[in-house]
Every structure is written in C-alpha cells, then in structure tokens.
file input.cif (mmCIF, C-alpha atoms and all ligand atoms)
data_final
#
loop_
_atom_site.label_atom_id
_atom_site.label_comp_id
_atom_site.auth_asym_id
_atom_site.auth_seq_id
_atom_site.Cartn_x
_atom_site.Cartn_y
_atom_site.Cartn_z
CA MET A 1318 0.00 0.00 0.00
CA ASN A 1319 1.26 3.50 -0.85
CA THR A 1320 0.95 5.26 2.51
CA SER A 1321 0.83 8.78 1.08
CA LYS A 1322 -2.40 7.99 -0.78
CA VAL A 1323 -5.95 7.85 0.54
CA ASN A 1324 -7.20 4.31 1.22
CA ILE A 1325 -10.65 3.31 0.04
CA LEU A 1326 -12.50 0.09 0.78
CA LEU A 1327 -14.98 -1.07 -1.89
CA ILE A 1328 -17.70 -3.30 -0.45
CA TYR A 1329 -19.55 -5.29 -3.12
CA THR A 1330 -22.99 -6.60 -2.20
CA GLY A 1331 -24.44 -7.26 -5.67
CA GLY A 1332 -27.00 -5.39 -7.81
CA THR A 1333 -27.26 -4.68 -11.53
CA ILE A 1334 -23.81 -3.08 -11.61
CA GLY A 1335 -22.18 -6.53 -11.44
CA MET A 1336 -24.89 -8.59 -13.13
CA VAL A 1337 -24.76 -10.70 -16.28
CA LYS A 1338 -27.52 -12.26 -18.38
CA ASP A 1339 -28.42 -15.83 -17.58
CA PHE A 1340 -27.76 -17.89 -20.71
CA GLU A 1341 -31.00 -19.85 -20.55
CA THR A 1342 -33.58 -17.44 -19.15
CA GLY A 1343 -32.16 -14.10 -20.27
CA ALA A 1344 -32.79 -12.69 -16.74
CA LEU A 1345 -30.12 -10.58 -15.01
CA LYS A 1346 -28.41 -12.23 -12.04
CA ALA A 1347 -25.60 -11.18 -9.69
CA PHE A 1348 -22.06 -12.11 -10.71
CA ASP A 1349 -18.68 -12.16 -8.99
CA PHE A 1350 -16.67 -9.08 -8.11
CA LYS A 1351 -13.57 -9.90 -10.13
CA THR A 1352 -15.53 -9.76 -13.40
CA LEU A 1353 -16.90 -6.42 -12.36
CA LEU A 1354 -13.46 -4.92 -11.68
CA ASP A 1355 -12.05 -6.37 -14.93
CA ASN A 1356 -14.62 -4.23 -16.74
CA ILE A 1357 -13.25 -0.95 -15.37
CA PRO A 1358 -9.51 -0.73 -16.02
CA GLU A 1359 -9.86 3.04 -15.38
CA ILE A 1360 -10.01 2.27 -11.66
CA LYS A 1361 -6.23 1.78 -11.66
CA LEU A 1362 -5.80 5.40 -12.78
CA LEU A 1363 -7.43 6.81 -9.65
CA ASP A 1364 -5.12 8.53 -7.18
CA CYS A 1365 -5.95 6.29 -4.21
CA ASN A 1366 -5.36 2.78 -2.92
CA ILE A 1367 -8.41 0.58 -3.39
CA ASP A 1368 -9.04 -2.61 -1.51
CA THR A 1369 -12.12 -4.76 -1.98
CA VAL A 1370 -14.38 -7.09 -0.01
CA SER A 1371 -17.43 -8.85 -1.34
CA PHE A 1372 -20.51 -10.60 -0.02
CA LYS A 1373 -19.86 -14.35 -0.36
CA GLU A 1374 -22.99 -14.56 -2.51
CA PRO A 1375 -23.66 -11.20 -4.21
CA ILE A 1376 -27.41 -10.53 -4.25
CA ASP A 1377 -30.10 -8.62 -6.06
CA SER A 1378 -30.94 -5.90 -3.54
CA SER A 1379 -34.56 -7.10 -3.39
CA ASN A 1380 -33.14 -9.83 -1.15
CA MET A 1381 -31.51 -7.37 1.29
CA ASN A 1382 -32.67 -7.61 4.88
CA PRO A 1383 -31.55 -6.35 8.31
CA GLU A 1384 -28.99 -9.19 8.56
CA SER A 1385 -27.38 -8.01 5.32
CA TRP A 1386 -27.30 -4.45 6.72
CA VAL A 1387 -25.40 -5.80 9.73
CA GLN A 1388 -22.94 -7.55 7.38
CA ILE A 1389 -22.18 -4.24 5.65
CA ALA A 1390 -21.82 -2.48 9.02
CA GLU A 1391 -19.41 -5.18 10.18
CA HIS A 1392 -17.19 -4.72 7.12
CA ILE A 1393 -17.02 -1.00 7.91
CA GLU A 1394 -16.41 -1.61 11.62
CA ALA A 1395 -13.60 -4.12 11.01
CA ASN A 1396 -11.86 -1.78 8.58
CA TYR A 1397 -12.73 1.60 10.08
CA LEU A 1398 -9.22 2.53 11.21
CA LYS A 1399 -7.43 1.13 8.14
CA PHE A 1400 -9.42 3.08 5.53
CA ASP A 1401 -10.21 6.74 4.88
CA GLY A 1402 -13.48 6.09 3.08
CA PHE A 1403 -15.92 3.36 2.05
CA VAL A 1404 -17.84 2.79 -1.18
CA VAL A 1405 -20.69 0.27 -1.07
CA LEU A 1406 -21.82 -1.24 -4.38
CA HIS A 1407 -25.49 -2.13 -4.02
CA GLY A 1408 -28.55 -2.75 -6.19
CA SER A 1409 -30.60 0.37 -6.69
CA ASP A 1410 -33.98 -1.18 -5.77
CA THR A 1411 -33.43 -1.09 -2.00
CA MET A 1412 -30.34 1.10 -1.85
CA SER A 1413 -32.18 3.92 -0.05
CA TYR A 1414 -33.45 1.47 2.59
CA THR A 1415 -30.00 -0.01 3.29
CA ALA A 1416 -28.16 3.31 3.19
CA SER A 1417 -30.76 4.95 5.47
CA ALA A 1418 -30.53 2.09 7.97
CA LEU A 1419 -26.73 2.26 7.91
CA SER A 1420 -26.87 5.99 8.69
CA PHE A 1421 -28.51 5.11 12.03
CA MET A 1422 -26.36 2.04 12.70
CA LEU A 1423 -23.09 3.99 12.27
CA GLU A 1424 -23.15 6.52 15.11
CA ASN A 1425 -20.56 9.33 15.21
CA LEU A 1426 -19.29 8.35 11.77
CA GLY A 1427 -16.24 10.47 10.92
CA LYS A 1428 -15.60 9.11 7.41
CA PRO A 1429 -17.51 8.89 4.12
CA VAL A 1430 -19.66 5.85 3.34
CA VAL A 1431 -20.87 6.26 -0.26
CA PHE A 1432 -23.52 3.92 -1.67
CA THR A 1433 -23.72 3.53 -5.43
CA GLY A 1434 -24.84 1.13 -8.16
CA SER A 1435 -26.22 1.44 -11.66
CA GLN A 1436 -29.24 0.96 -13.91
CA LEU A 1437 -27.26 -1.00 -16.52
CA PRO A 1438 -24.61 -3.68 -15.85
CA ILE A 1439 -20.99 -2.57 -16.04
CA GLY A 1440 -20.41 -4.75 -19.11
CA ASP A 1441 -23.16 -2.99 -21.09
CA LEU A 1442 -21.95 -0.55 -23.76
CA ARG A 1443 -24.24 2.24 -22.53
CA THR A 1444 -23.63 1.58 -18.86
CA ASP A 1445 -23.98 4.27 -16.20
CA ALA A 1446 -21.90 2.12 -13.84
CA LYS A 1447 -18.47 3.51 -14.65
CA GLU A 1448 -19.27 7.14 -13.92
CA ASN A 1449 -21.19 6.22 -10.77
CA LEU A 1450 -18.39 4.06 -9.42
CA ILE A 1451 -15.46 6.29 -10.38
CA THR A 1452 -17.03 9.49 -9.00
CA SER A 1453 -18.15 7.69 -5.83
CA ILE A 1454 -14.54 6.68 -5.21
CA GLN A 1455 -13.41 10.25 -5.87
CA VAL A 1456 -16.02 11.62 -3.48
CA ALA A 1457 -14.99 9.13 -0.78
CA SER A 1458 -11.34 10.17 -1.31
CA LEU A 1459 -11.88 13.91 -0.83
CA GLN A 1460 -9.71 15.28 1.96
CA SER A 1461 -9.14 18.70 3.47
CA LYS A 1462 -6.08 19.20 5.70
CA GLY A 1463 -5.64 15.44 5.91
CA LYS A 1464 -9.22 14.80 7.07
CA PRO A 1465 -12.23 13.43 5.10
CA VAL A 1466 -14.49 16.14 3.69
CA ILE A 1467 -17.60 13.94 3.90
CA LYS A 1468 -18.46 12.40 7.24
CA GLU A 1469 -21.82 10.74 6.69
CA VAL A 1470 -23.61 7.98 4.79
CA CYS A 1471 -24.48 9.25 1.32
CA LEU A 1472 -25.69 7.96 -2.02
CA TYR A 1473 -24.14 8.86 -5.39
CA PHE A 1474 -26.10 8.32 -8.61
CA GLU A 1475 -26.11 10.04 -12.00
CA TYR A 1476 -23.99 13.10 -11.21
CA LYS A 1477 -25.49 13.78 -7.79
CA LEU A 1478 -24.43 13.07 -4.24
CA TYR A 1479 -27.27 12.93 -1.74
CA ARG A 1480 -27.61 12.44 2.02
CA ALA A 1481 -28.58 8.75 1.97
CA ASN A 1482 -31.38 8.95 4.51
CA ARG A 1483 -33.11 11.65 2.42
CA THR A 1484 -33.27 9.59 -0.78
CA THR A 1485 -35.94 7.55 -2.53
CA LYS A 1486 -35.73 5.50 -5.71
CA LEU A 1487 -38.24 7.11 -8.03
CA ASN A 1488 -37.42 5.83 -11.48
CA ALA A 1489 -36.81 2.33 -12.83
CA GLU A 1490 -36.03 3.61 -16.32
CA ASP A 1491 -34.01 6.83 -16.21
CA PHE A 1492 -30.36 6.90 -15.25
CA GLN A 1493 -31.40 9.51 -12.70
CA ALA A 1494 -33.10 6.93 -10.47
CA PHE A 1495 -32.98 8.75 -7.13
CA SER A 1496 -34.25 11.98 -5.67
CA SER A 1497 -33.99 13.86 -2.41
CA PHE A 1498 -37.04 16.10 -2.20
CA ASN A 1499 -36.66 17.43 1.31
CA TYR A 1500 -32.91 18.09 1.45
CA HIS A 1501 -30.33 19.77 -0.75
CA ASP A 1502 -27.96 17.72 -2.91
CA LEU A 1503 -24.59 17.37 -1.17
CA ALA A 1504 -22.59 17.58 -4.40
CA GLU A 1505 -22.96 17.79 -8.16
CA SER A 1506 -20.58 16.31 -10.66
CA GLY A 1507 -20.04 18.37 -13.80
CA VAL A 1508 -16.81 19.55 -15.32
CA HIS A 1509 -15.90 20.16 -11.69
CA LEU A 1510 -17.03 18.29 -8.61
CA LYS A 1511 -19.05 20.93 -6.75
CA ILE A 1512 -19.43 20.16 -3.05
CA ASN A 1513 -22.22 22.02 -1.26
CA THR A 1514 -20.21 22.27 1.96
CA GLU A 1515 -22.90 24.10 3.94
CA TYR A 1516 -25.24 21.08 3.65
CA LEU A 1517 -22.76 18.40 4.72
CA TYR A 1518 -23.44 16.66 8.02
CA LYS A 1519 -21.22 17.80 10.87
CA PRO A 1520 -20.87 14.96 13.39
CA ASN A 1521 -19.50 15.48 16.88
CA LEU A 1522 -16.03 14.05 16.31
CA ARG A 1523 -15.15 14.04 20.00
CA LYS A 1524 -17.57 11.15 20.42
CA ARG A 1525 -16.49 7.56 19.81
CA PHE A 1526 -17.58 5.77 16.61
CA VAL A 1527 -20.19 3.15 17.58
CA VAL A 1528 -21.70 0.46 15.35
CA HIS A 1529 -25.23 -0.59 16.37
CA LYS A 1530 -26.17 -4.08 15.24
CA LYS A 1531 -29.38 -4.69 17.14
CA LEU A 1532 -32.35 -4.04 14.89
CA ASP A 1533 -35.93 -5.02 15.65
CA HIS A 1534 -38.04 -5.61 12.59
CA ASN A 1535 -41.33 -6.40 14.31
CA ILE A 1536 -42.95 -3.48 12.59
CA ALA A 1537 -45.62 -2.85 9.96
CA LEU A 1538 -46.13 -0.23 7.30
CA PHE A 1539 -49.27 0.62 5.39
CA LYS A 1540 -50.60 3.36 3.19
CA VAL A 1541 -54.09 4.76 3.72
CA PHE A 1542 -56.38 4.90 0.71
CA PRO A 1543 -60.01 5.89 0.18
CA GLY A 1544 -62.07 2.83 1.06
CA ILE A 1545 -59.55 1.19 3.41
CA THR A 1546 -61.40 -1.35 5.54
CA GLU A 1547 -61.56 -1.92 9.27
CA ALA A 1548 -60.80 -5.62 8.75
CA PHE A 1549 -57.54 -4.79 6.98
CA ILE A 1550 -56.39 -2.39 9.72
CA GLN A 1551 -57.42 -4.92 12.42
CA SER A 1552 -55.38 -7.63 10.71
CA ILE A 1553 -52.26 -5.45 10.75
CA PHE A 1554 -52.62 -4.65 14.44
CA SER A 1555 -53.16 -8.29 15.32
CA THR A 1556 -49.72 -9.25 13.98
CA ASN A 1557 -47.74 -11.28 16.54
CA ASN A 1558 -44.99 -9.40 18.41
CA LEU A 1559 -45.87 -6.13 16.70
CA LYS A 1560 -43.99 -3.18 18.27
CA ALA A 1561 -44.68 -0.28 15.93
CA VAL A 1562 -46.64 0.75 12.84
CA ILE A 1563 -45.78 3.39 10.24
CA ILE A 1564 -48.81 4.89 8.49
CA GLU A 1565 -48.37 6.68 5.19
CA THR A 1566 -51.12 9.29 5.35
CA TYR A 1567 -52.30 11.89 2.84
CA GLY A 1568 -50.69 15.30 2.31
CA ALA A 1569 -49.60 16.98 5.51
CA GLY A 1570 -50.42 13.92 7.65
CA ASN A 1571 -54.19 13.64 7.18
CA CYS A 1572 -56.44 10.59 7.17
CA THR A 1573 -59.97 9.41 7.74
CA THR A 1574 -61.65 10.54 10.95
CA GLU A 1575 -63.99 7.52 11.02
CA PRO A 1576 -64.45 6.50 14.68
CA TRP A 1577 -63.43 2.83 14.11
CA PHE A 1578 -60.06 3.95 12.70
CA LEU A 1579 -59.25 6.26 15.61
CA GLU A 1580 -60.46 3.66 18.10
CA ILE A 1581 -58.06 1.01 16.77
CA LEU A 1582 -55.14 3.46 16.92
CA THR A 1583 -56.04 4.68 20.43
CA LYS A 1584 -56.36 1.13 21.76
CA ASN A 1585 -52.99 0.11 20.31
CA ILE A 1586 -51.15 3.21 21.54
CA SER A 1587 -52.43 2.46 25.05
CA LYS A 1588 -51.03 -1.08 24.66
CA GLY A 1589 -47.58 0.42 23.98
CA ILE A 1590 -47.51 0.12 20.17
CA HIS A 1591 -45.70 3.10 18.61
CA ILE A 1592 -47.62 4.63 15.70
CA ILE A 1593 -45.78 6.91 13.31
CA ASN A 1594 -47.40 9.28 10.83
CA ILE A 1595 -45.46 9.90 7.61
CA THR A 1596 -46.76 11.34 4.36
CA GLN A 1597 -47.40 9.55 1.06
CA CYS A 1598 -46.13 12.68 -0.71
CA VAL A 1599 -42.50 12.60 -1.82
CA GLY A 1600 -41.97 16.20 -0.77
CA GLY A 1601 -43.18 18.20 2.22
CA SER A 1602 -43.92 17.34 5.81
CA VAL A 1603 -46.48 15.95 8.24
CA MET A 1604 -48.02 18.77 10.29
CA MET A 1605 -50.51 17.16 12.64
CA GLY A 1606 -53.16 19.64 13.74
CA HIS A 1607 -52.90 21.73 10.57
CA TYR A 1608 -56.15 20.17 9.29
CA GLU A 1609 -59.01 18.78 11.32
CA THR A 1610 -58.31 15.39 9.67
CA SER A 1611 -55.03 15.10 11.59
CA SER A 1612 -55.91 16.79 14.90
CA ALA A 1613 -57.23 13.57 16.46
CA LEU A 1614 -54.02 11.72 15.58
CA LYS A 1615 -52.02 14.35 17.44
CA LYS A 1616 -54.34 14.17 20.44
CA ILE A 1617 -54.07 10.39 20.85
CA GLY A 1618 -50.24 10.50 20.79
CA VAL A 1619 -49.34 9.48 17.22
CA ILE A 1620 -45.65 10.23 16.51
CA SER A 1621 -44.88 12.71 13.73
CA GLY A 1622 -42.37 11.53 11.14
CA LYS A 1623 -42.27 15.14 9.87
CA ASP A 1624 -40.53 15.14 6.44
CA ILE A 1625 -38.80 11.76 6.80
CA THR A 1626 -38.78 9.34 3.83
CA THR A 1627 -40.45 5.93 4.16
CA GLU A 1628 -37.02 4.31 3.80
CA ALA A 1629 -35.49 6.34 6.64
CA ALA A 1630 -38.64 5.95 8.78
CA ILE A 1631 -38.18 2.16 8.62
CA GLY A 1632 -34.43 2.24 9.35
CA LYS A 1633 -34.86 4.66 12.24
CA LEU A 1634 -37.67 2.60 13.72
CA MET A 1635 -35.79 -0.73 13.58
CA PHE A 1636 -32.71 0.97 15.04
CA MET A 1637 -34.61 2.68 17.88
CA LEU A 1638 -36.59 -0.46 18.75
CA GLY A 1639 -33.26 -2.26 19.09
CA GLN A 1640 -32.06 0.32 21.64
CA ASN A 1641 -34.48 -0.33 24.53
CA ILE A 1642 -35.62 3.28 24.63
CA SER A 1643 -38.15 3.97 27.38
CA ALA A 1644 -41.78 4.39 26.31
CA ASN A 1645 -41.94 8.07 27.32
CA MET A 1646 -38.68 8.96 25.50
CA PHE A 1647 -39.54 7.15 22.28
CA LYS A 1648 -41.81 9.81 20.77
CA THR A 1649 -39.45 12.70 21.54
CA MET A 1650 -36.47 10.82 20.16
CA TYR A 1651 -38.26 9.71 16.98
CA GLU A 1652 -39.32 13.30 16.31
CA THR A 1653 -35.72 14.54 16.78
CA PRO A 1654 -33.21 14.35 13.90
CA LEU A 1655 -30.55 11.78 14.82
CA ARG A 1656 -28.53 11.80 11.55
CA GLY A 1657 -30.00 14.70 9.59
CA GLU A 1658 -32.89 12.54 8.39
CA LEU A 1659 -35.61 15.08 9.14
CA SER A 1660 -35.87 18.85 9.26
N1 LIG B 1 -32.79 -5.44 -9.15
C1 LIG B 1 -31.55 -4.71 -9.07
C2 LIG B 1 -31.14 -4.64 -7.61
O1 LIG B 1 -31.66 -3.83 -6.87
C3 LIG B 1 -31.70 -3.35 -9.65
C4 LIG B 1 -30.45 -2.50 -9.64
O2 LIG B 1 -29.40 -2.86 -9.17
O3 LIG B 1 -30.52 -1.37 -10.18
O4 LIG B 1 -30.28 -5.38 -7.19
#

call {"tool": "encode", "arguments": {"input": "input.cif", "output": "structure tokens", "more": "lines below"}}
Ligand code: ASP
result
Amino acid sequence: MNTSKVNILLIYTGGTIGMVKDFETGALKAFDFKTLLDNIPEIKLLDCNIDTVSFKEPIDSSNMNPESWVQIAEHIEANYLKFDGFVVLHGSDTMSYTASALSFMLENLGKPVVFTGSQLPIGDLRTDAKENLITSIQVASLQSKGKPVIKEVCLYFEYKLYRANRTTKLNAEDFQAFSSFNYHDLAESGVHLKINTEYLYKPNLRKRFVVHKKLDHNIALFKVFPGITEAFIQSIFSTNNLKAVIIETYGAGNCTTEPWFLEILTKNISKGIHIINITQCVGGSVMMGHYETSSALKKIGVISGKDITTEAAIGKLMFMLGQNISANMFKTMYETPLRGELS
C-alpha cells in the first residue's frame, strides 16, 4: 500500500452493476466481483489505494434484509481505522433502505460511506456504472487538511451526491433513479465536482464511533387509501410481536376521521404500540393539527415523522426499537433528527 495515498474500501454486495444475463432465461443475475473490476480498467488510474471485499454470494438488492445491513456495518467496523473512506456497491432497488438504515447504525461516523450502483450492468456498452463508481470513489477520497471532507452515509447516482437517509428510488427507467425532495444535494458532478459544503453533516467528532447491530423488525407499514377497511387495519394490528406501525397518510399527515379507525389506533397506543405518521407525498412534511383530519391523531399520541422518507422511517424505527428506549422517551427521540434525516 502507498501510505501517502488515501485508502478506500470497496464493499460489493451485488445489484445490476455486477450482473450478467443468464444464458437460458435471459434474466439478469448477480455475478462475482472480479468480473466487475475487470470491466473498469480506469479504476487503476485513480489517485488512491483501493481494496475490496465482497458478499460471499452477491445478491439482487430485493433480497436485502436487516442481517445483510449488519454484514455491511461489520465490514465497515472491522476496517474503520485502516481506511479513509468506504464505497458500497449495491442494487438500486433497495439502496435507499439499506443506506438509510446504515446511517442510524453507524453513530458518530467520521468518514464517508458512499452507496452507489447502476441501472445497466458494467459490461453494457451504454452503462452508467463507470461514472457512478469512479465518481463515488473520488467523493470518498476527498480530503481537506488530511481529514475526510464527507463524514456521513451518502448515495451517489447520476452526477449527484445525496444524504442517503433523504433519498428515494423514483425511477426504474431513467439513469437519474434517485431523488432527495426534502434536502439539498450534497454535491454535483459536472466539469468540476461541486461540493455544497454548507449542507454536509457535521458529526461530533469528539464522540467515539459506535456500530449498532441490534435491529428489531417487528414493525408494519401501510398506506391509507379511500375505502380502506376496518378488517384490513385490524389484521395489521393483530400481527404477533408487533412493536410499531408506520402509516403513510395523505398530504400533511391527514387521514380518515372515522371513529373505528381512531379507536383502533387509540387502543394500540395504550397497549404500547408506537404509531408513526409519515406522508405519502414525496416532498413536504407531516403537520398534525394543521387540518381537522389530523388533529385527532395528534391528540391520541401518534408520533410525527415530519418530512422523513419511508425508507429512513423504517431504518430509524428498527434501530430505535433495538435500543431499549423507554416508552416516554420514544416519541421525543423519533421526532428529533438523529442523523440529519428530518428537518
Ligand atoms: N434489481 C436490481 C437490484 O436492486 C436493480 C439494480 O441494481 O438497479 O439489485
């Protein structure tokens, strides 16, 4: 290793970026990491040392789960002191979920963790993989006075760097697959790499880096819709071991005021189930009490997810449920930004 250069660890989990077509079915499936690297000789031209680790079995990100998130966190934990930055190659389908969860799992992170992937495999002539990967490595290598410029979990895709826990995959067709509606882009890649320094996360670096691996996924998520039935809501709340429910409501956090709906929520809150109100809209925030159709939710103690994304709401919930937070602290803590995930 050249010690004067920045050291980057590439963590390969799978996704389209490293996929090849199955001979018989024509479907895309995950392939090994070596083939992927052989397709980008340009990587050797970068001014940093790159080391790689890979999931034993690279996966389509639709198969990601909290155990896989822990695996990624463990790779970062085991290599935290040896490397200046981390780039995680991941399928785009659930990238925002994984990257959001990791932002909560990696507390007091003082180095960049950049998630990226692509819409087309790296071997495809028109691939977006090369630019995404090369710029992600460059972003993770940025230093100022010998210290990393970026100290948070982010996501790089199609010329933009975003705070990971503010992103959502919105497009399965365009190269620009992700968006961050409620927070500024952290950087834009054009002729120059423009870093929007004022929007970067500023962690308290005097605190020790901690990796949290206890996640509780006894949760449920549903979206309200006109005509939603009592039987459906009852069935969700009768799930075994249920600890919390995220409800995607309309607009600024509004939903039906039918008595049966409010009764089910009230009964479950009194049983200790946490209920979180987030909006179905991609931009904007929950403001309980702004309309009459959300006042009752506020009154019965529903937690406001404010302008959090669904992906970050899930990661934050699994993380907090794993922390044994007391019942009376839970609401306050959920409504407080822990990693810049809400305004
Ligand atoms: N299905 C793929 C995955 O998420 C899609 C992608 O990588 O873009 O692994």

call {"tool": "closest_residue", "arguments": {"input": "input.cif", "among": "A:Leu1442, A:Ala1390, A:Leu1472, A:Ala1494", "to": "ligand LIG 1 (chain B)", "atoms": "all atoms listed in the file"}}
result
A:Ala1494

call {"tool": "atom_distance", "arguments": {"input": "input.cif", "atom1": "CA of Ala1489 (chain A)", "atom2": "CA of Lys1447 (chain A)"}}
result
18.5 Å

call {"tool": "closest_atom_pairs", "arguments": {"input": "input.cif", "of": "chain A", "to": "ligand LIG 1 (chain B)", "cutoff": "7 Å", "atoms": "all atoms listed in the file", "output": "tab-separated table"}}
result
residue	atom	partner	partner_atom	distance
A:Gly1331	CA	B:LIG1	O4	6.3
A:Gly1332	CA	B:LIG1	O4	3.3
A:Thr1333	CA	B:LIG1	O2	3.7
A:Ile1334	CA	B:LIG1	O2	6.1
A:Ile1376	CA	B:LIG1	O4	6.6
A:Asp1377	CA	B:LIG1	O4	3.4
A:Ser1378	CA	B:LIG1	O4	3.7
A:Ser1379	CA	B:LIG1	O1	5.6
A:His1407	CA	B:LIG1	O2	6.5
A:Gly1408	CA	B:LIG1	O2	3.1
A:Ser1409	CA	B:LIG1	O3	3.9
A:Asp1410	CA	B:LIG1	O1	3.7
A:Thr1411	CA	B:LIG1	O1	5.9
A:Gly1434	CA	B:LIG1	O2	6.1
A:Ser1435	CA	B:LIG1	O3	5.3
A:Gln1436	CA	B:LIG1	O3	4.6

call {"tool": "residues_around", "arguments": {"input": "input.cif", "residues": "Ala1630 (chain A)", "least_positions_apart": "2", "cutoff": "10 Å", "atoms": "only C-alpha atoms", "output": "VMD selection string"}}
result
chain A and resid 1414 1417 to 1418 1482 1538 1563 1593 to 1595 1622 to 1628 1632 to 1636 1651 1658 to 1659

call {"tool": "write_last_selection", "arguments": {"input": "input.cif", "atoms": "C-alpha atoms", "output": "mmCIF file, in the coordinates of the input"}}
result
data_model
loop_
_atom_site.group_PDB
_atom_site.id
_atom_site.type_symbol
_atom_site.label_atom_id
_atom_site.label_comp_id
_atom_site.auth_asym_id
_atom_site.auth_seq_id
_atom_site.Cartn_x
_atom_site.Cartn_y
_atom_site.Cartn_z
ATOM 1 C CA TYR A 1414 -33.450 1.470 2.590
ATOM 2 C CA SER A 1417 -30.760 4.950 5.470
ATOM 3 C CA ALA A 1418 -30.530 2.090 7.970
ATOM 4 C CA ASN A 1482 -31.380 8.950 4.510
ATOM 5 C CA LEU A 1538 -46.130 -0.230 7.300
ATOM 6 C CA ILE A 1563 -45.780 3.390 10.240
ATOM 7 C CA ILE A 1593 -45.780 6.910 13.310
ATOM 8 C CA ASN A 1594 -47.400 9.280 10.830
ATOM 9 C CA ILE A 1595 -45.460 9.900 7.610
ATOM 10 C CA GLY A 1622 -42.370 11.530 11.140
ATOM 11 C CA LYS A 1623 -42.270 15.140 9.870
ATOM 12 C CA ASP A 1624 -40.530 15.140 6.440
ATOM 13 C CA ILE A 1625 -38.800 11.760 6.800
ATOM 14 C CA THR A 1626 -38.780 9.340 3.830
ATOM 15 C CA THR A 1627 -40.450 5.930 4.160
ATOM 16 C CA GLU A 1628 -37.020 4.310 3.800
ATOM 17 C CA GLY A 1632 -34.430 2.240 9.350
ATOM 18 C CA LYS A 1633 -34.860 4.660 12.240
ATOM 19 C CA LEU A 1634 -37.670 2.600 13.720
ATOM 20 C CA MET A 1635 -35.790 -0.730 13.580
ATOM 21 C CA PHE A 1636 -32.710 0.970 15.040
ATOM 22 C CA TYR A 1651 -38.260 9.710 16.980
ATOM 23 C CA GLU A 1658 -32.890 12.540 8.390
ATOM 24 C CA LEU A 1659 -35.610 15.080 9.140
#

call {"tool": "closest_residue", "arguments": {"input": "input.cif", "among": "A:Thr1484, A:Asn1499, A:Asn1521, A:Ser1555", "to": "Leu1655 (chain A)", "atoms": "all atoms listed in the file"}}
result
A:Asn1521

call {"tool": "closest_residue", "arguments": {"input": "input.cif", "among": "A:Gly1568, A:Gly1601, A:Gly1657, A:Gly1589", "to": "Val1470 (chain A)", "atoms": "only C-alpha atoms"}}
result
A:Gly1657

call {"tool": "closest_residue", "arguments": {"input": "input.cif", "among": "A:Pro1576, A:Thr1369, A:Val1619, A:Ala1569", "to": "His1607 (chain A)", "atoms": "only C-alpha atoms"}}
result
A:Ala1569

call {"tool": "build_atoms", "arguments": {"input": "input.cif", "residues": "region 1537-1552 of chain A", "atoms": "N, CA and C atoms", "output": "compact mmCIF listing (two decimals), in the coordinates of the input"}}
result
# COMPACT_ATOMS: atom_id res chain seq x y z
N ALA A 1537 -44.77 -2.77 11.15
CA ALA A 1537 -45.62 -2.85 9.96
C ALA A 1537 -45.70 -1.47 9.33
N LEU A 1538 -46.01 -1.48 8.05
CA LEU A 1538 -46.13 -0.23 7.30
C LEU A 1538 -47.32 -0.35 6.38
N PHE A 1539 -48.19 0.64 6.39
CA PHE A 1539 -49.27 0.62 5.39
C PHE A 1539 -49.60 2.04 4.96
N LYS A 1540 -50.23 2.09 3.79
CA LYS A 1540 -50.60 3.36 3.19
C LYS A 1540 -52.11 3.48 3.25
N VAL A 1541 -52.64 4.62 3.72
CA VAL A 1541 -54.09 4.76 3.72
C VAL A 1541 -54.58 5.04 2.30
N PHE A 1542 -55.78 4.62 2.02
CA PHE A 1542 -56.38 4.90 0.71
C PHE A 1542 -57.89 5.02 0.89
N PRO A 1543 -58.56 5.76 0.03
CA PRO A 1543 -60.01 5.89 0.18
C PRO A 1543 -60.67 4.52 0.07
N GLY A 1544 -61.40 4.13 1.08
CA GLY A 1544 -62.07 2.83 1.06
C GLY A 1544 -61.35 1.78 1.89
N ILE A 1545 -60.29 2.15 2.57
CA ILE A 1545 -59.55 1.19 3.41
C ILE A 1545 -60.52 0.59 4.44
N THR A 1546 -60.40 -0.72 4.67
CA THR A 1546 -61.40 -1.35 5.54
C THR A 1546 -60.89 -1.58 6.97
N GLU A 1547 -61.86 -1.66 7.86
CA GLU A 1547 -61.56 -1.92 9.27
C GLU A 1547 -60.88 -3.29 9.42
N ALA A 1548 -61.36 -4.27 8.64
CA ALA A 1548 -60.80 -5.62 8.75
C ALA A 1548 -59.31 -5.63 8.40
N PHE A 1549 -58.95 -4.85 7.39
CA PHE A 1549 -57.54 -4.79 6.98
C PHE A 1549 -56.68 -4.18 8.09
N ILE A 1550 -57.15 -3.07 8.65
CA ILE A 1550 -56.39 -2.39 9.72
C ILE A 1550 -56.30 -3.31 10.95
N GLN A 1551 -57.42 -3.98 11.27
CA GLN A 1551 -57.42 -4.92 12.42
C GLN A 1551 -56.38 -6.00 12.20
N SER A 1552 -56.30 -6.51 10.97
CA SER A 1552 -55.38 -7.63 10.71
C SER A 1552 -53.93 -7.17 10.89
